>>> print(open('work_25.pdb').read())   # PDB, C-alpha atoms, pLDDT in the B column
ATOM      1  CA  MET H   1     126.330 -35.508  40.804  1.00 43.00           C
ATOM      2  CA  GLU H   2     126.943 -37.039  37.401  1.00 45.00           C
ATOM      3  CA  GLU H   3     125.141 -35.728  34.326  1.00 44.00           C
ATOM      4  CA  THR H   4     123.372 -39.038  33.689  1.00 47.00           C
ATOM      5  CA  GLU H   5     121.969 -38.975  37.239  1.00 46.00           C
ATOM      6  CA  LEU H   6     120.676 -35.440  36.727  1.00 43.00           C
ATOM      7  CA  THR H   7     119.033 -36.471  33.472  1.00 46.00           C
ATOM      8  CA  GLU H   8     117.444 -39.487  35.096  1.00 45.00           C
ATOM      9  CA  LYS H   9     116.041 -37.484  38.026  1.00 46.00           C
ATOM     10  CA  THR H  10     114.676 -34.851  35.646  1.00 45.00           C
ATOM     11  CA  GLU H  11     113.012 -37.416  33.433  1.00 44.00           C
ATOM     12  CA  LYS H  12     111.412 -39.151  36.398  1.00 44.00           C
ATOM     13  CA  THR H  13     109.313 -36.019  36.913  1.00 42.00           C
ATOM     14  CA  LYS H  14     107.914 -36.147  33.390  1.00 44.00           C
ATOM     15  CA  ARG H  15     104.638 -38.032  33.270  1.00 47.00           C
ATOM     16  CA  VAL H  16     103.309 -37.394  29.793  1.00 46.00           C
ATOM     17  CA  PRO H  17     101.210 -39.989  27.973  1.00 53.00           C
ATOM     18  CA  TYR H  18     103.702 -40.896  25.255  1.00 62.00           C
ATOM     19  CA  HIS H  19     104.260 -44.633  25.288  1.00 71.00           C
ATOM     20  CA  PHE H  20     107.436 -45.384  23.355  1.00 78.00           C
ATOM     21  CA  GLY H  21     108.417 -48.142  25.766  1.00 87.00           C
ATOM     22  CA  GLU H  22     106.742 -51.109  24.115  1.00 86.00           C
ATOM     23  CA  LYS H  23     108.331 -50.378  20.751  1.00 87.00           C
ATOM     24  CA  LEU H  24     111.775 -49.814  22.234  1.00 91.00           C
ATOM     25  CA  ARG H  25     111.599 -53.018  24.239  1.00 90.00           C
ATOM     26  CA  LYS H  26     110.341 -55.142  21.327  1.00 88.00           C
ATOM     27  CA  VAL H  27     113.085 -53.909  19.017  1.00 90.00           C
ATOM     28  CA  ARG H  28     115.739 -54.389  21.720  1.00 91.00           C
ATOM     29  CA  GLU H  29     114.627 -57.953  22.417  1.00 91.00           C
ATOM     30  CA  ARG H  30     114.363 -58.764  18.717  1.00 86.00           C
ATOM     31  CA  LYS H  31     117.943 -57.621  18.236  1.00 87.00           C
ATOM     32  CA  GLY H  32     119.074 -59.605  21.290  1.00 91.00           C
ATOM     33  CA  TYR H  33     120.414 -56.541  23.141  1.00 92.00           C
ATOM     34  CA  THR H  34     120.447 -56.401  26.934  1.00 93.00           C
ATOM     35  CA  LEU H  35     119.325 -53.331  28.881  1.00 93.00           C
ATOM     36  CA  LYS H  36     122.915 -52.852  29.961  1.00 93.00           C
ATOM     37  CA  THR H  37     124.216 -52.891  26.384  1.00 92.00           C
ATOM     38  CA  VAL H  38     121.655 -50.345  25.173  1.00 93.00           C
ATOM     39  CA  ALA H  39     122.159 -48.103  28.196  1.00 93.00           C
ATOM     40  CA  ARG H  40     125.940 -48.094  27.803  1.00 93.00           C
ATOM     41  CA  GLN H  41     125.837 -47.253  24.111  1.00 94.00           C
ATOM     42  CA  ALA H  42     123.186 -44.556  24.622  1.00 93.00           C
ATOM     43  CA  GLY H  43     125.111 -43.026  27.516  1.00 93.00           C
ATOM     44  CA  VAL H  44     122.334 -43.365  30.101  1.00 93.00           C
ATOM     45  CA  SER H  45     121.704 -45.590  33.083  1.00 93.00           C
ATOM     46  CA  GLU H  46     120.294 -49.092  32.788  1.00 93.00           C
ATOM     47  CA  SER H  47     117.601 -48.106  35.277  1.00 92.00           C
ATOM     48  CA  LEU H  48     116.451 -45.248  33.053  1.00 93.00           C
ATOM     49  CA  VAL H  49     116.172 -47.473  29.991  1.00 92.00           C
ATOM     50  CA  SER H  50     114.154 -49.959  32.010  1.00 91.00           C
ATOM     51  CA  GLN H  51     111.761 -47.266  33.219  1.00 90.00           C
ATOM     52  CA  ILE H  52     111.339 -45.871  29.716  1.00 90.00           C
ATOM     53  CA  GLU H  53     110.521 -49.343  28.378  1.00 90.00           C
ATOM     54  CA  ARG H  54     107.899 -49.741  31.108  1.00 88.00           C
ATOM     55  CA  ASN H  55     106.467 -46.299  30.338  1.00 86.00           C
ATOM     56  CA  HIS H  56     107.220 -45.076  33.834  1.00 86.00           C
ATOM     57  CA  VAL H  57     108.944 -42.010  32.425  1.00 84.00           C
ATOM     58  CA  SER H  58     108.868 -40.161  29.128  1.00 81.00           C
ATOM     59  CA  PRO H  59     112.389 -39.675  27.764  1.00 84.00           C
ATOM     60  CA  ALA H  60     113.872 -36.304  26.867  1.00 86.00           C
ATOM     61  CA  ILE H  61     114.255 -35.907  23.121  1.00 87.00           C
ATOM     62  CA  ASP H  62     118.047 -36.304  23.222  1.00 89.00           C
ATOM     63  CA  THR H  63     117.671 -39.544  25.195  1.00 90.00           C
ATOM     64  CA  LEU H  64     115.045 -40.833  22.775  1.00 89.00           C
ATOM     65  CA  LEU H  65     117.267 -39.991  19.814  1.00 91.00           C
ATOM     66  CA  ALA H  66     120.190 -41.794  21.431  1.00 92.00           C
ATOM     67  CA  LEU H  67     118.103 -44.919  22.061  1.00 92.00           C
ATOM     68  CA  ALA H  68     116.680 -44.834  18.543  1.00 90.00           C
ATOM     69  CA  ASP H  69     120.205 -44.576  17.164  1.00 91.00           C
ATOM     70  CA  VAL H  70     121.484 -47.518  19.208  1.00 92.00           C
ATOM     71  CA  LEU H  71     118.497 -49.660  18.211  1.00 91.00           C
ATOM     72  CA  ASP H  72     118.491 -48.366  14.605  1.00 89.00           C
ATOM     73  CA  ILE H  73     114.829 -47.352  14.859  1.00 88.00           C
ATOM     74  CA  ASN H  74     113.156 -45.001  12.394  1.00 83.00           C
ATOM     75  CA  LEU H  75     111.687 -42.051  14.312  1.00 80.00           C
ATOM     76  CA  GLU H  76     108.605 -42.132  12.114  1.00 76.00           C
ATOM     77  CA  TYR H  77     107.918 -45.606  13.492  1.00 79.00           C
ATOM     78  CA  LEU H  78     108.138 -44.305  17.071  1.00 79.00           C
ATOM     79  CA  PHE H  79     105.853 -41.341  16.492  1.00 76.00           C
ATOM     80  CA  GLU H  80     103.384 -42.761  13.973  1.00 69.00           C
ATOM     81  CA  GLU H  81     100.448 -42.945  16.395  1.00 63.00           C
ATOM     82  CA  TYR H  82     101.074 -39.391  17.600  1.00 64.00           C
ATOM     83  CA  ARG H  83     100.573 -37.709  14.258  1.00 58.00           C
ATOM     84  CA  ARG H  84      98.050 -34.982  14.902  1.00 56.00           C
ATOM     85  CA  GLU H  85      95.389 -34.256  12.337  1.00 53.00           C
ATOM     86  CA  ARG H  86      95.165 -30.620  11.375  1.00 59.00           C
ATOM     87  CA  PRO H  87      92.008 -28.865  12.594  1.00 70.00           C
ATOM     88  CA  VAL H  88      89.003 -29.329  10.318  1.00 79.00           C
ATOM     89  CA  GLN H  89      87.209 -26.135   9.404  1.00 82.00           C
ATOM     90  CA  VAL H  90      83.437 -26.320   8.983  1.00 86.00           C
ATOM     91  CA  ILE H  91      81.286 -23.381   7.885  1.00 88.00           C
ATOM     92  CA  LYS H  92      77.550 -23.926   8.264  1.00 89.00           C
ATOM     93  CA  SER H  93      75.483 -22.558   5.385  1.00 89.00           C
ATOM     94  CA  SER H  94      73.583 -20.341   7.827  1.00 88.00           C
ATOM     95  CA  GLU H  95      76.848 -18.884   9.157  1.00 88.00           C
ATOM     96  CA  ARG H  96      78.560 -18.223   5.826  1.00 90.00           C
ATOM     97  CA  ARG H  97      80.043 -14.750   5.457  1.00 91.00           C
ATOM     98  CA  THR H  98      78.796 -12.824   2.419  1.00 93.00           C
ATOM     99  CA  ILE H  99      80.287  -9.838   0.664  1.00 92.00           C
ATOM    100  CA  ALA H 100      78.301  -7.730  -1.797  1.00 92.00           C
ATOM    101  CA  GLU H 101      79.914  -5.626  -4.509  1.00 90.00           C
ATOM    102  CA  ASP H 102      77.138  -3.767  -6.263  1.00 89.00           C
ATOM    103  CA  ASP H 103      74.872  -6.585  -7.529  1.00 93.00           C
ATOM    104  CA  VAL H 104      77.532  -9.309  -7.211  1.00 95.00           C
ATOM    105  CA  THR H 105      77.696 -11.481  -4.082  1.00 95.00           C
ATOM    106  CA  TYR H 106      80.477 -13.678  -2.728  1.00 95.00           C
ATOM    107  CA  GLU H 107      79.647 -16.424  -0.203  1.00 95.00           C
ATOM    108  CA  GLU H 108      82.657 -17.686   1.741  1.00 94.00           C
ATOM    109  CA  LEU H 109      83.361 -21.435   1.713  1.00 94.00           C
ATOM    110  CA  ALA H 110      86.778 -21.552   3.384  1.00 89.00           C
ATOM    111  CA  LYS H 111      88.326 -18.995   5.719  1.00 84.00           C
ATOM    112  CA  PRO H 112      91.939 -18.007   5.105  1.00 83.00           C
ATOM    113  CA  ALA H 113      94.199 -19.438   7.824  1.00 76.00           C
ATOM    114  CA  GLU H 114      96.812 -16.983   9.080  1.00 69.00           C
ATOM    115  CA  SER H 115      99.065 -19.872  10.064  1.00 67.00           C
ATOM    116  CA  ASP H 116      99.310 -20.895   6.386  1.00 75.00           C
ATOM    117  CA  GLY H 117     101.218 -17.711   5.591  1.00 73.00           C
ATOM    118  CA  GLU H 118     101.930 -17.384   1.875  1.00 75.00           C
ATOM    119  CA  ASN H 119     100.047 -20.642   1.265  1.00 81.00           C
ATOM    120  CA  ALA H 120      96.752 -19.226   2.564  1.00 87.00           C
ATOM    121  CA  VAL H 121      93.726 -19.536   0.269  1.00 91.00           C
ATOM    122  CA  GLU H 122      90.164 -18.291   0.224  1.00 92.00           C
ATOM    123  CA  SER H 123      87.250 -20.034  -1.443  1.00 95.00           C
ATOM    124  CA  TYR H 124      83.801 -18.700  -2.217  1.00 96.00           C
ATOM    125  CA  VAL H 125      80.751 -18.994  -4.459  1.00 97.00           C
ATOM    126  CA  VAL H 126      80.374 -15.949  -6.666  1.00 97.00           C
ATOM    127  CA  LYS H 127      76.818 -15.110  -7.826  1.00 97.00           C
ATOM    128  CA  LEU H 128      76.370 -12.848 -10.835  1.00 97.00           C
ATOM    129  CA  PRO H 129      72.971 -11.596 -12.061  1.00 97.00           C
ATOM    130  CA  VAL H 130      72.213 -11.735 -15.769  1.00 97.00           C
ATOM    131  CA  GLY H 131      74.270  -9.169 -17.669  1.00 94.00           C
ATOM    132  CA  SER H 132      76.455  -8.272 -14.679  1.00 95.00           C
ATOM    133  CA  HIS H 133      80.193  -8.631 -14.167  1.00 94.00           C
ATOM    134  CA  THR H 134      82.776  -8.643 -11.373  1.00 93.00           C
ATOM    135  CA  HIS H 135      84.642  -5.492 -10.433  1.00 84.00           C
ATOM    136  CA  ARG H 136      87.560  -6.111  -8.071  1.00 72.00           C
ATOM    137  CA  GLY H 137      90.441  -7.883  -9.732  1.00 63.00           C
ATOM    138  CA  SER H 138      89.950  -6.086 -13.024  1.00 68.00           C
ATOM    139  CA  TYR H 139      93.390  -4.534 -12.603  1.00 76.00           C
ATOM    140  CA  GLY H 140      95.090  -7.729 -11.499  1.00 80.00           C
ATOM    141  CA  HIS H 141      96.753  -8.698  -8.227  1.00 85.00           C
ATOM    142  CA  ILE H 142      99.393 -11.107  -6.988  1.00 88.00           C
ATOM    143  CA  GLY H 143      98.564 -14.792  -6.756  1.00 91.00           C
ATOM    144  CA  ARG H 144      96.509 -17.340  -8.648  1.00 94.00           C
ATOM    145  CA  GLU H 145      92.833 -18.134  -9.173  1.00 95.00           C
ATOM    146  CA  VAL H 146      90.890 -21.297  -9.981  1.00 97.00           C
ATOM    147  CA  GLY H 147      87.218 -21.237 -10.972  1.00 97.00           C
ATOM    148  CA  TYR H 148      84.474 -23.798 -11.623  1.00 98.00           C
ATOM    149  CA  VAL H 149      81.088 -22.941 -13.150  1.00 98.00           C
ATOM    150  CA  ILE H 150      78.297 -24.462 -11.099  1.00 98.00           C
ATOM    151  CA  GLN H 151      75.364 -22.870 -12.933  1.00 98.00           C
ATOM    152  CA  GLY H 152      74.933 -20.652 -15.970  1.00 97.00           C
ATOM    153  CA  LYS H 153      77.305 -19.274 -18.585  1.00 97.00           C
ATOM    154  CA  CYS H 154      80.034 -16.661 -18.359  1.00 97.00           C
ATOM    155  CA  ARG H 155      82.902 -15.052 -20.175  1.00 97.00           C
ATOM    156  CA  LEU H 156      86.299 -14.564 -18.611  1.00 96.00           C
ATOM    157  CA  HIS H 157      88.061 -11.454 -19.840  1.00 95.00           C
ATOM    158  CA  TYR H 158      91.793 -11.887 -19.324  1.00 94.00           C
ATOM    159  CA  GLU H 159      94.001  -9.090 -20.627  1.00 91.00           C
ATOM    160  CA  ASN H 160      92.905  -8.871 -24.270  1.00 91.00           C
ATOM    161  CA  LEU H 161      91.650 -12.469 -24.387  1.00 95.00           C
ATOM    162  CA  THR H 162      88.173 -13.905 -23.742  1.00 96.00           C
ATOM    163  CA  PHE H 163      87.140 -17.408 -22.699  1.00 98.00           C
ATOM    164  CA  ASP H 164      83.526 -18.633 -22.765  1.00 98.00           C
ATOM    165  CA  LEU H 165      82.654 -21.006 -19.940  1.00 98.00           C
ATOM    166  CA  GLU H 166      79.583 -23.148 -19.340  1.00 97.00           C
ATOM    167  CA  GLU H 167      78.276 -25.259 -16.492  1.00 97.00           C
ATOM    168  CA  GLY H 168      80.940 -27.804 -15.520  1.00 97.00           C
ATOM    169  CA  ASP H 169      83.830 -25.903 -17.071  1.00 98.00           C
ATOM    170  CA  SER H 170      86.822 -24.861 -14.996  1.00 98.00           C
ATOM    171  CA  VAL H 171      89.612 -22.350 -15.430  1.00 97.00           C
ATOM    172  CA  SER H 172      92.847 -21.369 -13.706  1.00 97.00           C
ATOM    173  CA  PHE H 173      95.168 -18.442 -14.278  1.00 96.00           C
ATOM    174  CA  SER H 174      97.752 -16.109 -12.833  1.00 94.00           C
ATOM    175  CA  ALA H 175      95.884 -13.264 -11.162  1.00 91.00           C
ATOM    176  CA  SER H 176      98.596 -10.733 -11.967  1.00 90.00           C
ATOM    177  CA  ALA H 177      96.965  -9.799 -15.292  1.00 91.00           C
ATOM    178  CA  PRO H 178      93.712  -7.795 -15.490  1.00 92.00           C
ATOM    179  CA  HIS H 179      90.688 -10.107 -15.433  1.00 94.00           C
ATOM    180  CA  MET H 180      86.925  -9.894 -15.123  1.00 94.00           C
ATOM    181  CA  LEU H 181      84.032 -12.370 -15.114  1.00 96.00           C
ATOM    182  CA  GLU H 182      80.862 -11.536 -17.065  1.00 96.00           C
ATOM    183  CA  ASN H 183      77.516 -13.341 -16.948  1.00 97.00           C
ATOM    184  CA  THR H 184      76.596 -14.046 -20.585  1.00 97.00           C
ATOM    185  CA  GLY H 185      73.728 -16.450 -19.903  1.00 96.00           C
ATOM    186  CA  ASN H 186      70.023 -15.948 -19.236  1.00 97.00           C
ATOM    187  CA  THR H 187      70.144 -17.172 -15.607  1.00 97.00           C
ATOM    188  CA  GLN H 188      72.081 -16.206 -12.516  1.00 97.00           C
ATOM    189  CA  LEU H 189      75.704 -17.348 -12.712  1.00 98.00           C
ATOM    190  CA  GLN H 190      77.053 -19.368  -9.786  1.00 98.00           C
ATOM    191  CA  ALA H 191      80.724 -20.280  -9.775  1.00 98.00           C
ATOM    192  CA  LEU H 192      83.084 -21.758  -7.227  1.00 98.00           C
ATOM    193  CA  TRP H 193      86.264 -19.716  -6.922  1.00 97.00           C
ATOM    194  CA  VAL H 194      89.556 -20.349  -5.121  1.00 96.00           C
ATOM    195  CA  VAL H 195      92.089 -17.541  -4.722  1.00 93.00           C
ATOM    196  CA  THR H 196      95.586 -17.425  -3.269  1.00 92.00           C
ATOM    197  CA  PRO H 197      96.601 -15.309  -1.518  1.00 90.00           C
ATOM    198  CA  PRO H 198      93.193 -14.214  -0.137  1.00 90.00           C
ATOM    199  CA  GLN H 199      91.763 -11.017  -1.579  1.00 85.00           C
ATOM    200  CA  ARG H 200      88.191 -10.546  -0.396  1.00 84.00           C
ATOM    201  CA  PHE H 201      87.789 -12.373   2.898  1.00 81.00           C
ATOM    202  CA  VAL H 202      91.041 -11.257   4.519  1.00 72.00           C
ATOM    203  CA  ARG H 203      90.798 -10.598   8.244  1.00 57.00           C
TER     204      ARG H 203
END
>>> encode(input="work_25.pdb", output="structure tokens")
Amino acid sequence: MEETELTEKTEKTKRVPYHFGEKLRKVRERKGYTLKTVARQAGVSESLVSQIERNHVSPAIDTLLALADVLDINLEYLFEEYRRERPVQVIKSSERRTIAEDDVTYEELAKPAESDGENAVESYVVKLPVGSHTHRGSYGHIGREVGYVIQGKCRLHYENLTFDLEEGDSVSFSASAPHMLENTGNTQLQALWVVTPPQRFVR
């Protein structure tokens, strides 16, 4: 049995809901190509091309690539409606994980995704009582941090430098140097913090 016949019989068993046929047929007709011409140049049978165009079978990837090459079709055009959105992560306020370090609390906003590997991030709201300061991170760690002051005033100690921040201010820095956040206001400090790679809410 010839290889093209084996391919055709195999593809006839594939009934997945990917409908490339309409696009392939429209491009073929617009270019004025016959089924026979396309099939010959792609190295498959005319019957197989016809069935693919009618969405009776879903082509193997090598067959699809061959047809796209013959018809000079951009693969992005073929697959545009099959782009899958990445899962959306929602954390309800009542289900938010909280970590306490002495009198400082961290409320998780985004869970680190293991699939993100080195690009994984964690995000949380840090709450500091008046006169308090953070503890972990004071010796530095790999990665980067970004902060935004939601409420109150604070001072970022970074190596031998200090930076005073107020409501609405933001800051970003390499986390490799020693750093510490101190509440210098007269109300509880609340700040949004993003850290990569994750440090506190690692699984």
>>> resolve_selection(input="work_25.pdb", expression="the PyMOL selection byres ((chain H and resi 31-37) around 12)", output="MDAnalysis selection string")
chainID H and resid 24:30 38:53 67 70:73
>>> atom_distance(input="work_25.pdb", atom1="CA of Ala120 (chain H)", atom2="CA of Thr196 (chain H)")
6.2 Å
>>> residues_around(input="work_25.pdb", residues="Leu165 (chain H)", least_positions_apart="6", cutoff="12 Å", atoms="all atoms listed in the file", output="PyMOL selection string")
chain H and resi 147-157+171-172+181-185+189-191
>>> closest_residue(input="work_25.pdb", among="H:Thr162, H:Glu101, H:Ser94, H:Val195", to="Ser132 (chain H)", atoms="only C-alpha atoms")
H:Glu101
>>> closest_residue(input="work_25.pdb", among="H:Tyr124, H:Phe173, H:Phe20, H:Phe201", to="Leu75 (chain H)", atoms="only C-alpha atoms")
H:Phe20
>>> closest_residue(input="work_25.pdb", among="H:Phe163, H:Glu118, H:His19, H:Thr98", to="Phe79 (chain H)", atoms="only C-alpha atoms")
H:His19
>>> resolve_selection(input="work_25.pdb", expression="the PyMOL selection byres ((chain H and resi 88-92) around 12)", output="JSON, numbers by chain")
{"H": [84, 85, 86, 87, 93, 94, 95, 96, 97, 107, 108, 109, 110, 111, 112, 113, 123, 124]}
>>> write_last_selection(input="work_25.pdb", atoms="C-alpha atoms", output="tab-separated table (two decimals), keeping the file's coordinate frame")
chain	number	residue	atom	x	y	z
H	84	ARG	CA	98.05	-34.98	14.90
H	85	GLU	CA	95.39	-34.26	12.34
H	86	ARG	CA	95.16	-30.62	11.38
H	87	PRO	CA	92.01	-28.86	12.59
H	93	SER	CA	75.48	-22.56	5.38
H	94	SER	CA	73.58	-20.34	7.83
H	95	GLU	CA	76.85	-18.88	9.16
H	96	ARG	CA	78.56	-18.22	5.83
H	97	ARG	CA	80.04	-14.75	5.46
H	107	GLU	CA	79.65	-16.42	-0.20
H	108	GLU	CA	82.66	-17.69	1.74
H	109	LEU	CA	83.36	-21.44	1.71
H	110	ALA	CA	86.78	-21.55	3.38
H	111	LYS	CA	88.33	-19.00	5.72
H	112	PRO	CA	91.94	-18.01	5.11
H	113	ALA	CA	94.20	-19.44	7.82
H	123	SER	CA	87.25	-20.03	-1.44
H	124	TYR	CA	83.80	-18.70	-2.22
>>> atom_distance(input="work_25.pdb", atom1="CA of Glu167 (chain H)", atom2="CA of His133 (chain H)")
16.9 Å
>>> closest_residue(input="work_25.pdb", among="H:Asp116, H:Glu22, H:Asp169, H:Asp103", to="Leu78 (chain H)", atoms="all atoms listed in the file")
H:Glu22
>>> closest_residue(input="work_25.pdb", among="H:Asn119, H:Asn160, H:Thr105, H:Ser58", to="Thr134 (chain H)", atoms="all atoms listed in the file")
H:Thr105
>>> decode(input="work_25.pdb", residues="region 124-134 of chain H", atoms="all heavy atoms", output="tab-separated table (two decimals), in the first residue's frame")
chain	number	residue	atom	x	y	z
H	124	TYR	N	1.04	40.64	46.56
H	124	TYR	CA	0.32	40.67	47.83
H	124	TYR	C	0.18	42.11	48.33
H	124	TYR	O	0.85	43.03	47.84
H	124	TYR	CB	1.03	39.82	48.89
H	124	TYR	CG	2.51	40.09	49.03
H	124	TYR	CD1	2.98	41.19	49.74
H	124	TYR	CD2	3.45	39.24	48.44
H	124	TYR	CE1	4.34	41.44	49.87
H	124	TYR	CE2	4.81	39.48	48.57
H	124	TYR	CZ	5.25	40.58	49.29
H	124	TYR	OH	6.60	40.83	49.41
H	125	VAL	N	-0.72	42.28	49.30
H	125	VAL	CA	-0.84	43.55	50.01
H	125	VAL	C	-0.15	43.36	51.35
H	125	VAL	O	-0.47	42.44	52.10
H	125	VAL	CB	-2.31	43.95	50.24
H	125	VAL	CG1	-2.40	45.15	51.17
H	125	VAL	CG2	-3.00	44.27	48.92
H	126	VAL	N	0.85	44.21	51.60
H	126	VAL	CA	1.55	44.15	52.88
H	126	VAL	C	0.95	45.21	53.79
H	126	VAL	O	0.72	46.35	53.38
H	126	VAL	CB	3.07	44.36	52.70
H	126	VAL	CG1	3.38	45.66	51.98
H	126	VAL	CG2	3.78	44.34	54.06
H	127	LYS	N	0.66	44.82	55.06
H	127	LYS	CA	0.07	45.74	56.04
H	127	LYS	C	1.01	45.87	57.23
H	127	LYS	O	1.31	44.88	57.89
H	127	LYS	CB	-1.30	45.24	56.48
H	127	LYS	CG	-2.32	45.19	55.34
H	127	LYS	CD	-3.69	44.72	55.82
H	127	LYS	CE	-4.70	44.73	54.67
H	127	LYS	NZ	-6.05	44.26	55.13
H	128	LEU	N	1.44	47.10	57.46
H	128	LEU	CA	2.41	47.39	58.52
H	128	LEU	C	1.78	48.31	59.56
H	128	LEU	O	1.33	49.42	59.23
H	128	LEU	CB	3.64	48.09	57.94
H	128	LEU	CG	4.74	47.24	57.31
H	128	LEU	CD1	5.71	48.16	56.58
H	128	LEU	CD2	5.47	46.47	58.39
H	129	PRO	N	1.77	47.91	60.83
H	129	PRO	CA	1.28	48.81	61.89
H	129	PRO	C	2.21	50.01	62.05
H	129	PRO	O	3.36	49.99	61.59
H	129	PRO	CB	1.31	47.93	63.14
H	129	PRO	CG	1.32	46.53	62.63
H	129	PRO	CD	2.09	46.58	61.35
H	130	VAL	N	1.73	51.03	62.70
H	130	VAL	CA	2.54	52.22	62.93
H	130	VAL	C	3.83	51.85	63.67
H	130	VAL	O	3.81	51.11	64.66
H	130	VAL	CB	1.75	53.26	63.76
H	130	VAL	CG1	2.62	54.47	64.10
H	130	VAL	CG2	0.50	53.70	63.00
H	131	GLY	N	4.95	52.32	63.15
H	131	GLY	CA	6.23	52.10	63.80
H	131	GLY	C	6.86	50.74	63.52
H	131	GLY	O	7.97	50.47	63.99
H	132	SER	N	6.19	49.89	62.76
H	132	SER	CA	6.72	48.55	62.49
H	132	SER	C	7.50	48.52	61.19
H	132	SER	O	7.53	49.50	60.43
H	132	SER	CB	5.58	47.54	62.44
H	132	SER	OG	6.09	46.23	62.30
H	133	HIS	N	8.13	47.39	60.91
H	133	HIS	CA	8.90	47.24	59.68
H	133	HIS	C	8.91	45.77	59.26
H	133	HIS	O	8.62	44.88	60.07
H	133	HIS	CB	10.33	47.75	59.86
H	133	HIS	CG	11.11	47.02	60.93
H	133	HIS	ND1	11.73	45.82	60.70
H	133	HIS	CD2	11.33	47.33	62.23
H	133	HIS	CE1	12.32	45.42	61.81
H	133	HIS	NE2	12.09	46.32	62.76
H	134	THR	N	9.23	45.53	57.99
H	134	THR	CA	9.30	44.16	57.48
H	134	THR	C	10.58	43.50	57.98
H	134	THR	O	11.52	44.18	58.41
H	134	THR	CB	9.27	44.14	55.95
H	134	THR	OG1	10.36	44.93	55.45
H	134	THR	CG2	7.96	44.71	55.42
